[in-house]
file final-v3.txt (compact mmCIF, C-alpha atoms)
# COMPACT_ATOMS: atom_id res chain seq x y z
CA MET A 1 15.49 7.73 -4.49
CA ARG A 2 11.72 7.28 -4.40
CA VAL A 3 10.30 7.34 -0.88
CA GLY A 4 6.95 6.94 0.84
CA VAL A 5 6.22 9.02 3.94
CA LEU A 6 4.39 7.49 6.91
CA CYS A 7 1.79 10.14 7.55
CA SER A 8 -0.49 10.67 10.54
CA GLY A 9 -1.59 14.14 9.48
CA GLY A 10 0.35 15.68 12.39
CA LYS A 11 3.26 18.12 12.34
CA ASP A 12 6.06 15.56 12.68
CA SER A 13 5.19 13.35 9.73
CA LEU A 14 4.48 16.28 7.42
CA PHE A 15 7.62 18.15 8.46
CA ALA A 16 9.62 14.95 7.85
CA CYS A 17 7.98 14.86 4.41
CA PHE A 18 9.10 18.46 3.84
CA CYS A 19 12.69 17.56 4.84
CA ALA A 20 12.74 14.49 2.60
CA MET A 21 11.43 16.33 -0.45
CA GLN A 22 14.48 18.64 -0.38
CA GLU A 23 16.57 15.65 -1.49
CA GLU A 24 14.38 12.76 -2.59
CA GLU A 25 11.27 12.14 -4.66
CA ILE A 26 8.16 11.73 -2.53
CA SER A 27 6.13 9.04 -4.30
CA CYS A 28 3.31 8.64 -1.79
CA LEU A 29 2.03 9.19 1.71
CA ILE A 30 1.28 6.03 3.68
CA THR A 31 -1.36 5.98 6.41
CA VAL A 32 -2.66 3.24 8.67
CA PHE A 33 -6.07 3.95 10.20
CA PRO A 34 -6.38 2.16 13.56
CA GLU A 35 -9.89 1.36 14.76
CA ASN A 36 -8.53 1.40 18.31
CA PRO A 37 -8.14 4.99 19.59
CA GLU A 38 -5.47 3.73 22.05
CA SER A 39 -3.29 2.49 19.19
CA TYR A 40 0.30 1.69 20.23
CA MET A 41 1.85 2.75 16.94
CA PHE A 42 -0.31 5.35 15.27
CA HIS A 43 -1.51 8.83 16.04
CA THR A 44 -5.31 8.60 15.79
CA PRO A 45 -7.34 11.86 15.87
CA ASN A 46 -8.54 13.03 12.47
CA LEU A 47 -6.65 10.54 10.33
CA HIS A 48 -9.37 10.99 7.72
CA VAL A 49 -8.00 14.48 7.05
CA VAL A 50 -4.81 12.89 5.65
CA ALA A 51 -6.72 12.28 2.40
CA LEU A 52 -7.24 16.05 2.11
CA GLN A 53 -3.57 16.70 2.94
CA ALA A 54 -2.55 14.27 0.19
CA LYS A 55 -4.85 16.05 -2.24
CA ALA A 56 -3.59 19.48 -1.14
CA SER A 57 -0.01 18.43 -1.77
CA GLY A 58 -0.66 16.46 -4.94
CA ILE A 59 0.95 13.34 -3.45
CA PRO A 60 -0.85 9.98 -3.81
CA LEU A 61 -2.06 8.29 -0.62
CA VAL A 62 -1.78 4.62 0.33
CA ALA A 63 -4.25 4.02 3.17
CA ARG A 64 -4.99 0.86 5.13
CA GLN A 65 -7.37 0.07 7.98
CA SER A 66 -6.02 -1.67 11.10
CA SER A 67 -7.64 -3.16 14.18
CA GLY A 68 -5.19 -1.17 16.32
CA ARG A 69 -4.29 -4.29 18.34
CA GLU A 70 -0.56 -4.28 19.09
CA ASP A 71 0.35 -7.48 17.26
CA GLU A 72 -1.82 -6.79 14.21
CA GLU A 73 -0.79 -3.16 13.80
CA LEU A 74 2.67 -4.12 12.66
CA GLN A 75 1.33 -6.55 10.09
CA ASP A 76 -1.02 -3.86 8.79
CA LEU A 77 1.84 -1.37 8.62
CA ALA A 78 3.92 -3.89 6.68
CA LEU A 79 1.02 -4.49 4.29
CA ALA A 80 0.59 -0.75 3.71
CA ILE A 81 4.32 -0.26 3.04
CA ARG A 82 4.38 -3.32 0.78
CA GLU A 83 1.46 -1.87 -1.18
CA ALA A 84 3.36 1.43 -1.53
CA ARG A 85 6.44 -0.46 -2.70
CA GLU A 86 4.48 -2.33 -5.34
CA LYS A 87 2.31 0.55 -6.51
CA TYR A 88 4.84 3.38 -6.42
CA ARG A 89 8.17 1.46 -6.57
CA ILE A 90 9.47 3.17 -3.44
CA ASP A 91 13.05 2.49 -2.33
CA GLY A 92 12.56 3.77 1.18
CA VAL A 93 10.27 5.04 3.91
CA VAL A 94 10.43 8.33 5.81
CA THR A 95 9.01 8.71 9.31
CA GLY A 96 8.51 11.65 11.65
CA ALA A 97 9.85 9.71 14.64
CA LEU A 98 11.35 12.09 17.19
CA GLN A 99 12.52 9.96 20.10
CA SER A 100 10.24 6.94 20.27
CA VAL A 101 12.47 3.88 20.14
CA TYR A 102 9.31 1.75 20.26
CA GLN A 103 7.88 3.18 17.03
CA SER A 104 11.17 3.71 15.27
CA SER A 105 12.48 0.18 15.90
CA ARG A 106 9.30 -1.36 14.57
CA VAL A 107 9.37 0.68 11.39
CA GLN A 108 13.09 -0.06 10.95
CA ARG A 109 12.42 -3.82 11.24
CA THR A 110 9.55 -3.63 8.78
CA CYS A 111 11.73 -1.75 6.28
CA ARG A 112 14.56 -4.25 6.74
CA ASP A 113 12.18 -7.14 6.08
CA LEU A 114 10.92 -5.43 2.91
CA GLY A 115 14.41 -4.44 1.72
CA LEU A 116 13.70 -0.71 2.05
CA TRP A 117 15.68 2.24 3.34
CA CYS A 118 14.34 3.98 6.43
CA PHE A 119 14.92 7.69 7.10
CA ASN A 120 14.05 9.59 10.29
CA PRO A 121 15.06 13.22 9.64
CA LEU A 122 13.71 14.47 12.97
CA TRP A 123 15.41 11.78 15.08
CA TYR A 124 16.61 13.36 18.35
CA ALA A 125 16.30 16.84 16.83
CA ASP A 126 16.61 19.72 19.27
CA PRO A 127 12.96 20.31 20.33
CA GLY A 128 13.19 24.10 20.50
CA SER A 129 14.94 24.50 17.14
CA TYR A 130 12.58 22.03 15.51
CA MET A 131 9.46 23.85 16.73
CA GLU A 132 10.84 27.23 15.67
CA THR A 133 11.76 25.93 12.21
CA LEU A 134 8.36 24.30 11.84
CA ILE A 135 6.59 27.59 12.53
CA SER A 136 8.96 29.79 10.50
CA SER A 137 8.82 27.43 7.49
CA GLY A 138 5.13 28.19 7.00
CA PHE A 139 3.47 25.15 8.54
CA ARG A 140 0.05 25.86 9.98
CA ALA A 141 -0.90 23.22 12.50
CA ILE A 142 -3.57 23.17 15.18
CA VAL A 143 -3.74 21.18 18.39
CA SER A 144 -6.17 18.32 17.73
CA ALA A 145 -5.87 16.45 21.03
CA VAL A 146 -4.40 16.94 24.49
CA GLY A 147 -3.59 14.20 26.93
CA SER A 148 -2.33 15.59 30.21
CA GLU A 149 -2.23 18.47 32.66
CA PRO A 150 -1.69 21.43 32.40
CA PHE A 151 -3.38 21.45 28.98
CA ASP A 152 -7.00 22.59 29.19
CA PRO A 153 -9.88 22.64 26.65
CA SER A 154 -8.74 26.03 25.29
CA TRP A 155 -5.86 24.22 23.57
CA LEU A 156 -8.18 22.25 21.28
CA GLY A 157 -8.09 23.93 17.88
CA ARG A 158 -5.37 26.38 18.95
CA SER A 159 -2.81 27.26 16.27
CA LEU A 160 0.71 26.10 16.94
CA ASP A 161 2.28 29.54 16.54
CA LEU A 162 4.94 31.51 18.39
CA SER A 163 2.51 32.42 21.16
CA ALA A 164 1.62 28.74 21.67
CA LEU A 165 5.32 27.88 21.62
CA LEU A 166 5.91 30.41 24.39
CA ASP A 167 3.26 28.65 26.53
CA LEU A 168 4.70 25.24 25.66
CA ARG A 169 8.14 26.41 26.78
CA GLU A 170 6.65 27.61 30.06
CA TYR A 171 4.90 24.24 30.58
CA ALA A 172 8.11 22.39 29.77
CA GLU A 173 10.00 24.41 32.35
CA LYS A 174 7.30 24.27 35.05
CA TYR A 175 5.87 20.79 34.56
CA GLY A 176 8.52 18.93 32.58
CA THR A 177 6.18 18.36 29.61
CA SER A 178 7.67 17.79 26.18
CA LEU A 179 7.85 20.80 23.90
CA THR A 180 7.04 18.65 20.89
CA GLY A 181 4.25 16.58 22.49
CA GLU A 182 6.50 13.52 22.34
CA GLY A 183 5.12 12.26 25.66
CA GLY A 184 1.54 12.28 24.34
CA GLU A 185 0.84 15.70 25.90
CA TYR A 186 -0.75 16.92 22.66
CA GLU A 187 -1.37 15.92 19.04
CA THR A 188 -1.56 18.19 16.02
CA LEU A 189 -3.27 18.41 12.66
CA VAL A 190 -1.57 20.22 9.77
CA LEU A 191 -3.87 22.54 7.80
CA ASP A 192 -1.21 24.09 5.59
CA ALA A 193 2.40 23.42 4.65
CA PRO A 194 4.88 25.02 2.26
CA PHE A 195 4.34 22.20 -0.23
CA PHE A 196 0.52 22.26 -0.08
CA ARG A 197 -1.00 23.77 -3.23
CA GLN A 198 -4.21 24.39 -1.30
CA SER A 199 -4.88 24.79 2.40
CA ILE A 200 -7.42 22.96 4.54
CA VAL A 201 -10.40 24.75 6.08
CA ILE A 202 -12.30 23.08 8.90
CA GLU A 203 -16.02 23.64 8.37
CA GLU A 204 -17.38 21.64 11.27
CA ALA A 205 -15.73 20.17 14.34
CA GLU A 206 -16.67 19.09 17.83
CA THR A 207 -14.64 18.84 20.99
CA CYS A 208 -14.81 16.00 23.51
CA TRP A 209 -13.31 16.49 26.96
CA ARG A 210 -12.94 13.95 29.78
CA ASN A 211 -10.44 13.53 32.65
CA TYR A 212 -7.80 15.99 31.41
CA ARG A 213 -7.97 14.51 27.93
CA GLY A 214 -9.64 16.08 24.98
CA VAL A 215 -10.00 15.68 21.24
CA LEU A 216 -11.08 18.01 18.47
CA ARG A 217 -12.89 15.84 15.96
CA VAL A 218 -13.13 17.31 12.49
CA ALA A 219 -16.51 16.39 11.04
CA ARG A 220 -16.22 18.36 7.80
CA ALA A 221 -13.29 20.03 6.06
CA ARG A 222 -12.53 21.30 2.58
CA LEU A 223 -9.65 22.61 0.48
CA GLU A 224 -9.28 26.28 -0.29
CA GLU A 225 -7.01 28.08 -2.78
CA LYS A 226 -3.97 29.69 -1.11
CA MET B 1 36.82 21.37 18.24
CA ILE B 2 35.38 17.93 17.59
CA LEU B 3 35.04 16.62 14.04
CA LEU B 4 31.89 14.62 13.33
CA ALA B 5 32.33 12.51 10.20
CA GLY B 6 29.21 11.45 8.29
CA LEU B 7 29.39 7.95 6.82
CA GLY B 8 26.26 8.16 4.66
CA TYR B 9 26.29 6.88 1.09
CA ARG B 10 26.25 10.52 0.04
CA ASP B 11 26.60 13.91 1.70
CA SER B 12 22.94 14.23 2.59
CA ALA B 13 21.09 16.37 5.12
CA LEU B 14 18.53 13.59 5.42
CA LEU B 15 21.19 11.23 6.80
CA SER B 16 23.22 13.77 8.75
CA ASN B 17 20.07 15.02 10.52
CA GLU B 18 19.47 11.50 11.75
CA PHE B 19 22.98 10.28 12.51
CA VAL B 20 25.29 13.30 12.95
CA ARG B 21 23.25 16.13 14.45
CA PRO B 22 22.03 14.08 17.45
CA VAL B 23 25.68 13.32 18.25
CA GLY B 24 26.50 17.01 17.78
CA ARG B 25 23.83 17.97 20.29
CA VAL B 26 25.45 15.72 22.89
CA VAL B 27 28.94 17.03 22.10
CA LYS B 28 27.66 20.57 22.56
CA ARG B 29 25.95 19.64 25.82
CA PHE B 30 29.32 18.45 27.13
CA GLY B 31 30.80 21.84 26.29
CA ASP B 32 32.58 21.18 22.98
CA ALA B 33 32.05 22.79 19.59
CA TRP B 34 31.79 20.50 16.54
CA MET B 35 32.15 20.56 12.80
CA TYR B 36 30.76 18.17 10.19
CA ARG B 37 32.51 16.62 7.21
CA HIS B 38 31.47 13.81 4.93
CA PHE B 39 33.88 10.85 4.90
CA THR B 40 34.69 11.34 1.22
CA ASP B 41 36.00 14.80 2.08
CA LEU B 42 38.34 13.83 4.88
CA SER B 43 42.07 13.15 5.17
CA GLY B 44 44.48 12.41 8.00
CA ASP B 45 45.97 15.92 7.79
CA GLN B 46 42.55 17.44 8.39
CA ALA B 47 41.67 15.00 11.17
CA GLY B 48 44.84 15.96 13.06
CA ASP B 49 43.57 19.54 13.33
CA TYR B 50 40.77 18.49 15.68
CA ASP B 51 40.72 17.54 19.36
CA ALA B 52 38.90 14.33 18.49
CA VAL B 53 36.99 12.64 15.69
CA ILE B 54 33.66 10.84 15.96
CA LEU B 55 32.72 8.58 13.05
CA CYS B 56 28.91 8.65 13.15
CA GLY B 57 26.60 5.83 12.07
CA THR B 58 24.41 5.64 9.02
CA ALA B 59 21.21 3.97 7.80
CA LEU B 60 20.81 0.22 8.22
CA LYS B 61 20.85 -0.37 4.47
CA ASP B 62 23.80 1.93 3.83
CA THR B 63 27.03 -0.02 3.26
CA ARG B 64 28.99 2.29 0.96
CA CYS B 65 31.58 3.29 3.59
CA LEU B 66 32.29 -0.38 4.37
CA GLY B 67 33.37 -0.93 0.78
CA GLU B 68 35.69 2.09 0.72
CA THR B 69 38.00 1.35 3.62
CA GLU B 70 41.01 2.84 1.78
CA ARG B 71 39.41 6.24 2.50
CA PHE B 72 39.97 5.54 6.20
CA SER B 73 43.66 4.62 6.00
CA TRP B 74 44.36 7.93 7.77
CA LEU B 75 42.99 6.37 10.96
CA ARG B 76 46.21 4.33 11.25
CA VAL B 77 48.49 7.35 11.18
CA ALA B 78 46.54 10.34 12.50
CA ARG B 79 47.35 10.81 16.17
CA VAL B 80 43.88 11.91 17.20
CA PRO B 81 41.35 10.29 19.54
CA VAL B 82 38.57 8.55 17.59
CA LEU B 83 35.18 7.17 18.58
CA GLY B 84 33.44 5.04 15.94
CA ILE B 85 29.69 4.68 16.38
CA SER B 86 27.93 1.69 14.74
CA ALA B 87 29.10 1.89 11.09
CA GLY B 88 31.93 4.01 12.53
CA MET B 89 33.05 1.09 14.72
CA GLN B 90 32.85 -1.21 11.71
CA VAL B 91 35.02 1.14 9.63
CA LEU B 92 37.51 1.57 12.49
CA SER B 93 37.77 -2.17 12.88
CA LEU B 94 38.25 -2.73 9.13
CA ALA B 95 40.90 0.00 8.93
CA PHE B 96 43.04 -1.88 11.48
CA GLY B 97 42.60 -5.33 9.92
CA GLY B 98 39.42 -6.54 11.60
CA SER B 99 36.47 -8.02 9.72
CA LEU B 100 32.67 -7.99 9.70
CA LEU B 101 30.00 -10.62 10.28
CA PRO B 102 26.31 -10.36 9.41
CA CYS B 103 24.51 -9.53 12.68
CA CYS B 104 21.39 -7.40 12.75
CA GLU B 105 20.18 -5.75 15.94
CA ILE B 106 17.42 -3.12 15.98
CA GLY B 107 16.08 -1.48 19.14
CA MET B 108 17.05 -1.74 22.79
CA GLU B 109 19.46 -4.54 23.77
CA GLU B 110 21.20 -5.37 27.02
CA VAL B 111 24.93 -4.68 26.82
CA ARG B 112 27.22 -6.41 29.35
CA VAL B 113 30.43 -4.67 30.36
CA LEU B 114 33.39 -7.10 30.17
CA SER B 115 36.01 -4.75 31.38
CA PRO B 116 35.10 -1.58 33.33
CA HIS B 117 36.17 1.44 31.33
CA PRO B 118 35.62 5.23 31.66
CA LEU B 119 33.91 5.15 28.29
CA LEU B 120 31.09 2.89 29.50
CA PRO B 121 28.39 3.11 32.18
CA PRO B 122 29.65 1.72 35.50
CA SER B 123 27.03 -0.99 36.06
CA PRO B 124 27.65 -4.58 34.96
CA SER B 125 25.16 -4.07 32.16
CA PHE B 126 23.06 -1.35 30.55
CA MET B 127 20.40 -1.01 27.86
CA ALA B 128 21.49 0.47 24.54
CA TYR B 129 19.86 1.42 21.23
CA GLU B 130 21.06 -0.70 18.32
CA LEU B 131 20.74 -0.16 14.58
CA HIS B 132 23.22 -2.26 12.65
CA ALA B 133 23.32 -5.07 10.12
CA HIS B 134 26.89 -6.22 10.88
CA SER B 135 29.04 -6.92 13.90
CA THR B 136 32.82 -6.75 13.97
CA VAL B 137 35.60 -9.23 14.56
CA PRO B 138 38.04 -6.71 16.05
CA PRO B 139 41.70 -6.49 14.99
CA ALA B 140 43.84 -9.08 16.82
CA ASP B 141 45.32 -6.92 19.56
CA TRP B 142 42.25 -4.79 20.27
CA ILE B 143 40.34 -5.16 23.53
CA SER B 144 36.65 -6.10 23.70
CA LEU B 145 35.02 -3.96 26.38
CA ALA B 146 31.36 -4.98 26.17
CA VAL B 147 29.05 -7.49 24.48
CA SER B 148 25.35 -8.05 23.81
CA LYS B 149 23.86 -11.53 23.56
CA ASN B 150 24.69 -11.47 19.85
CA CYS B 151 27.99 -9.68 19.36
CA ILE B 152 30.81 -7.43 20.56
CA GLN B 153 29.49 -3.97 21.42
CA ALA B 154 32.53 -1.92 22.41
CA ILE B 155 36.24 -2.13 21.55
CA SER B 156 39.40 -0.18 22.22
CA HIS B 157 42.89 -0.01 20.76
CA PRO B 158 45.45 -1.48 23.21
CA GLU B 159 47.36 1.80 23.55
CA LEU B 160 45.85 4.67 21.60
CA PRO B 161 42.56 6.48 22.37
CA LEU B 162 40.69 4.73 19.57
CA PHE B 163 37.28 3.30 20.51
CA GLY B 164 34.32 1.74 18.80
CA VAL B 165 30.77 1.21 20.05
CA LEU B 166 28.27 -0.72 17.98
CA PHE B 167 25.24 0.75 19.79
CA HIS B 168 24.15 4.39 19.34
CA PRO B 169 25.20 6.30 22.47
CA GLU B 170 23.41 9.46 21.32
CA VAL B 171 20.19 7.62 22.17
CA ARG B 172 19.87 7.15 25.96
CA ASN B 173 23.62 6.69 26.61
CA GLU B 174 24.95 10.20 26.16
CA GLY B 175 27.48 9.64 28.95
CA VAL B 176 29.47 7.41 26.58
CA ILE B 177 30.11 10.41 24.34
CA GLY B 178 30.91 12.51 27.42
CA GLY B 179 33.34 9.82 28.59
CA PHE B 180 35.06 9.79 25.21
CA LEU B 181 35.39 13.59 25.19
CA SER B 182 37.01 13.50 28.66
CA ILE B 183 39.48 10.85 27.51
CA ALA B 184 40.21 12.86 24.35
CA HIS B 185 40.88 16.09 26.25
CA SER B 186 43.11 14.33 28.82
CA TRP B 187 45.10 12.65 26.04
CA LYS B 188 45.64 15.93 24.23
CA GLN B 189 47.18 17.44 27.39
call {"tool": "encode", "arguments": {"input": "final-v3.txt", "output": "structure tokens"}}
result
Amino acid sequence: MRVGVLCSGGKDSLFACFCAMQEEEISCLITVFPENPESYMFHTPNLHVVALQAKASGIPLVARQSSGREDEELQDLALAIREAREKYRIDGVVTGALQSVYQSSRVQRTCRDLGLWCFNPLWYADPGSYMETLISSGFRAIVSAVGSEPFDPSWLGRSLDLSALLDLREYAEKYGTSLTGEGGEYETLVLDAPFFRQSIVIEEAETCWRNYRGVLRVARARLEEK
Amino acid sequence: MILLAGLGYRDSALLSNEFVRPVGRVVKRFGDAWMYRHFTDLSGDQAGDYDAVILCGTALKDTRCLGETERFSWLRVARVPVLGISAGMQVLSLAFGGSLLPCCEIGMEEVRVLSPHPLLPPSPSFMAYELHAHSTVPPADWISLAVSKNCIQAISHPELPLFGVLFHPEVRNEGVIGGFLSIAHSWKQ
């Protein structure tokens, strides 16, 4: 089966891609760029880096701009998936949805309307096992945004490694935050993955911090041989 | 030991990660161990070795199991508690002479309890996650336990511990799986 992977550049979509490529042919990555940073559907920081991730993995990218308004986002998503279907003859779509019924239901409906399969390999996965597998599989992801207490500015740019996982477990126990960032506590950016032929190096980035929320904005990045 | 049967069009980790493992996590949380088998690799003799069987759902576009109901003839003779989830309820219904109707529901829907049952939440209604393209017309003597605005959502055999739910209890209604496991263990004793 030929599938397209909805890709935000974060750990969940790229790990879902990794799962799917064990069984199916990945024909393209599909990304919707919302202009609205408060997008309902799409993870927003550093979406421009997805083009580098696509290049690093040798997978074509279908990218589409969206206003980020709730009603229009779905139409833009449908247009992006339709383009992937026409250009790469995909039979299905893969998402990195973990527990969001809101996002998952909307993608499922879009796929149904377009006659496509929809796969969610991380759906209701055990958070601890998922995070451990992500790290042990060779994914290198950094925290690209944080959105709640107790995360502080030191998390921006921090590698999601075993030491970070230890802190995340402590936060989950103490404050009830999600280990995977499912509640919007943090977002990630993948710099390397087992299927990347090259890894991504950030050359220039700036951090913005306001009211317990912060973003690491990548201004310049390049590919490097592994 | 609980047997989780995958109903995917093929024995695929991509499908079992989405539709079987989440059910397995709930089973484990309620204190039971589980094993996975694909439906093409399952017979009544094997099913009888387990404390209960859960027929898990599959992708919206996946209809292979619905066209191979002869593979589920063991459901009529195996004396083992069964819970069919989504496609599993459809298969269970077909195996006992019921039929299917096109009816697509995706996302959260209100489910109204018709007849209070230990399998279902106690309130008159609850919200449930749906992902199905068909509803069932249950076999003649089966009991409808709950409905959504569009179709029947939960059924039971009149005597045996055989149940079907069209919604996905592993998403936000884990107690339904817990309720089934309690019924299964009581029946076994």
call {"tool": "residues_around", "arguments": {"input": "final-v3.txt", "residues": "Leu94 (chain B)", "least_positions_apart": "2", "cutoff": "9 Å", "atoms": "all atoms listed in the file", "output": "JSON, numbers by chain"}}
result
{"B": [66, 69, 72, 89, 90, 91, 92, 96, 97, 98, 99, 100, 136, 137, 138, 139]}
call {"tool": "closest_atom_pairs", "arguments": {"input": "final-v3.txt", "of": "chain B", "to": "chain A", "cutoff": "12 Å", "atoms": "only C-alpha atoms", "output": "Markdown table"}}
result
| residue | atom | partner | partner_atom | distance |
| --- | --- | --- | --- | --- |
| B:Gly8 | CA | A:Phe119 | CA | 11.6 |
| B:Tyr9 | CA | A:Trp117 | CA | 11.8 |
| B:Arg10 | CA | A:Glu23 | CA | 11.1 |
| B:Asp11 | CA | A:Glu23 | CA | 10.7 |
| B:Ser12 | CA | A:Glu23 | CA | 7.7 |
| B:Ala13 | CA | A:Glu23 | CA | 8.0 |
| B:Leu14 | CA | A:Pro121 | CA | 5.5 |
| B:Leu15 | CA | A:Pro121 | CA | 7.0 |
| B:Ser16 | CA | A:Pro121 | CA | 8.2 |
| B:Asn17 | CA | A:Pro121 | CA | 5.4 |
| B:Glu18 | CA | A:Pro121 | CA | 5.2 |
| B:Phe19 | CA | A:Trp123 | CA | 8.1 |
| B:Val20 | CA | A:Trp123 | CA | 10.2 |
| B:Arg21 | CA | A:Ala125 | CA | 7.4 |
| B:Pro22 | CA | A:Tyr124 | CA | 5.5 |
| B:Val23 | CA | A:Tyr124 | CA | 9.1 |
| B:Gly24 | CA | A:Ala125 | CA | 10.2 |
| B:Arg25 | CA | A:Asp126 | CA | 7.5 |
| B:Val26 | CA | A:Tyr124 | CA | 10.2 |
| B:Lys28 | CA | A:Asp126 | CA | 11.6 |
| B:Arg29 | CA | A:Asp126 | CA | 11.4 |
| B:Thr58 | CA | A:Phe119 | CA | 9.9 |
| B:Ala59 | CA | A:Cys118 | CA | 7.0 |
| B:Leu60 | CA | A:Trp117 | CA | 7.4 |
| B:Lys61 | CA | A:Trp117 | CA | 5.9 |
| B:Asp62 | CA | A:Trp117 | CA | 8.1 |
| B:Thr63 | CA | A:Trp117 | CA | 11.6 |
| B:Cys104 | CA | A:Arg112 | CA | 9.6 |
| B:Glu105 | CA | A:Arg109 | CA | 9.3 |
| B:Ile106 | CA | A:Ser105 | CA | 5.9 |
| B:Gly107 | CA | A:Ser105 | CA | 5.1 |
| B:Met108 | CA | A:Val101 | CA | 7.7 |
| B:Glu109 | CA | A:Val101 | CA | 11.5 |
| B:Ala128 | CA | A:Val101 | CA | 10.6 |
| B:Tyr129 | CA | A:Val101 | CA | 7.9 |
| B:Glu130 | CA | A:Ser105 | CA | 9.0 |
| B:Leu131 | CA | A:Ser105 | CA | 8.4 |
| B:His132 | CA | A:Gln108 | CA | 10.5 |
| B:Ala133 | CA | A:Arg112 | CA | 9.4 |
| B:His168 | CA | A:Val101 | CA | 11.7 |
| B:Pro169 | CA | A:Tyr124 | CA | 11.9 |
| B:Glu170 | CA | A:Tyr124 | CA | 8.4 |
| B:Val171 | CA | A:Tyr124 | CA | 7.8 |
| B:Arg172 | CA | A:Gln99 | CA | 9.8 |
| B:Glu174 | CA | A:Tyr124 | CA | 11.9 |
call {"tool": "residues_around", "arguments": {"input": "final-v3.txt", "residues": "Ser148 (chain B)", "least_positions_apart": "5", "cutoff": "9 Å", "atoms": "only C-alpha atoms", "output": "JSON, numbers by chain"}}
result
{"B": [109, 110, 111, 112, 113, 153]}
call {"tool": "atom_distance", "arguments": {"input": "final-v3.txt", "atom1": "CA of Lys55 (chain A)", "atom2": "CA of Glu225 (chain A)"}}
result
12.2 Å
call {"tool": "atom_distance", "arguments": {"input": "final-v3.txt", "atom1": "CA of Asp51 (chain B)", "atom2": "CA of Gly179 (chain B)"}}
result
14.1 Å
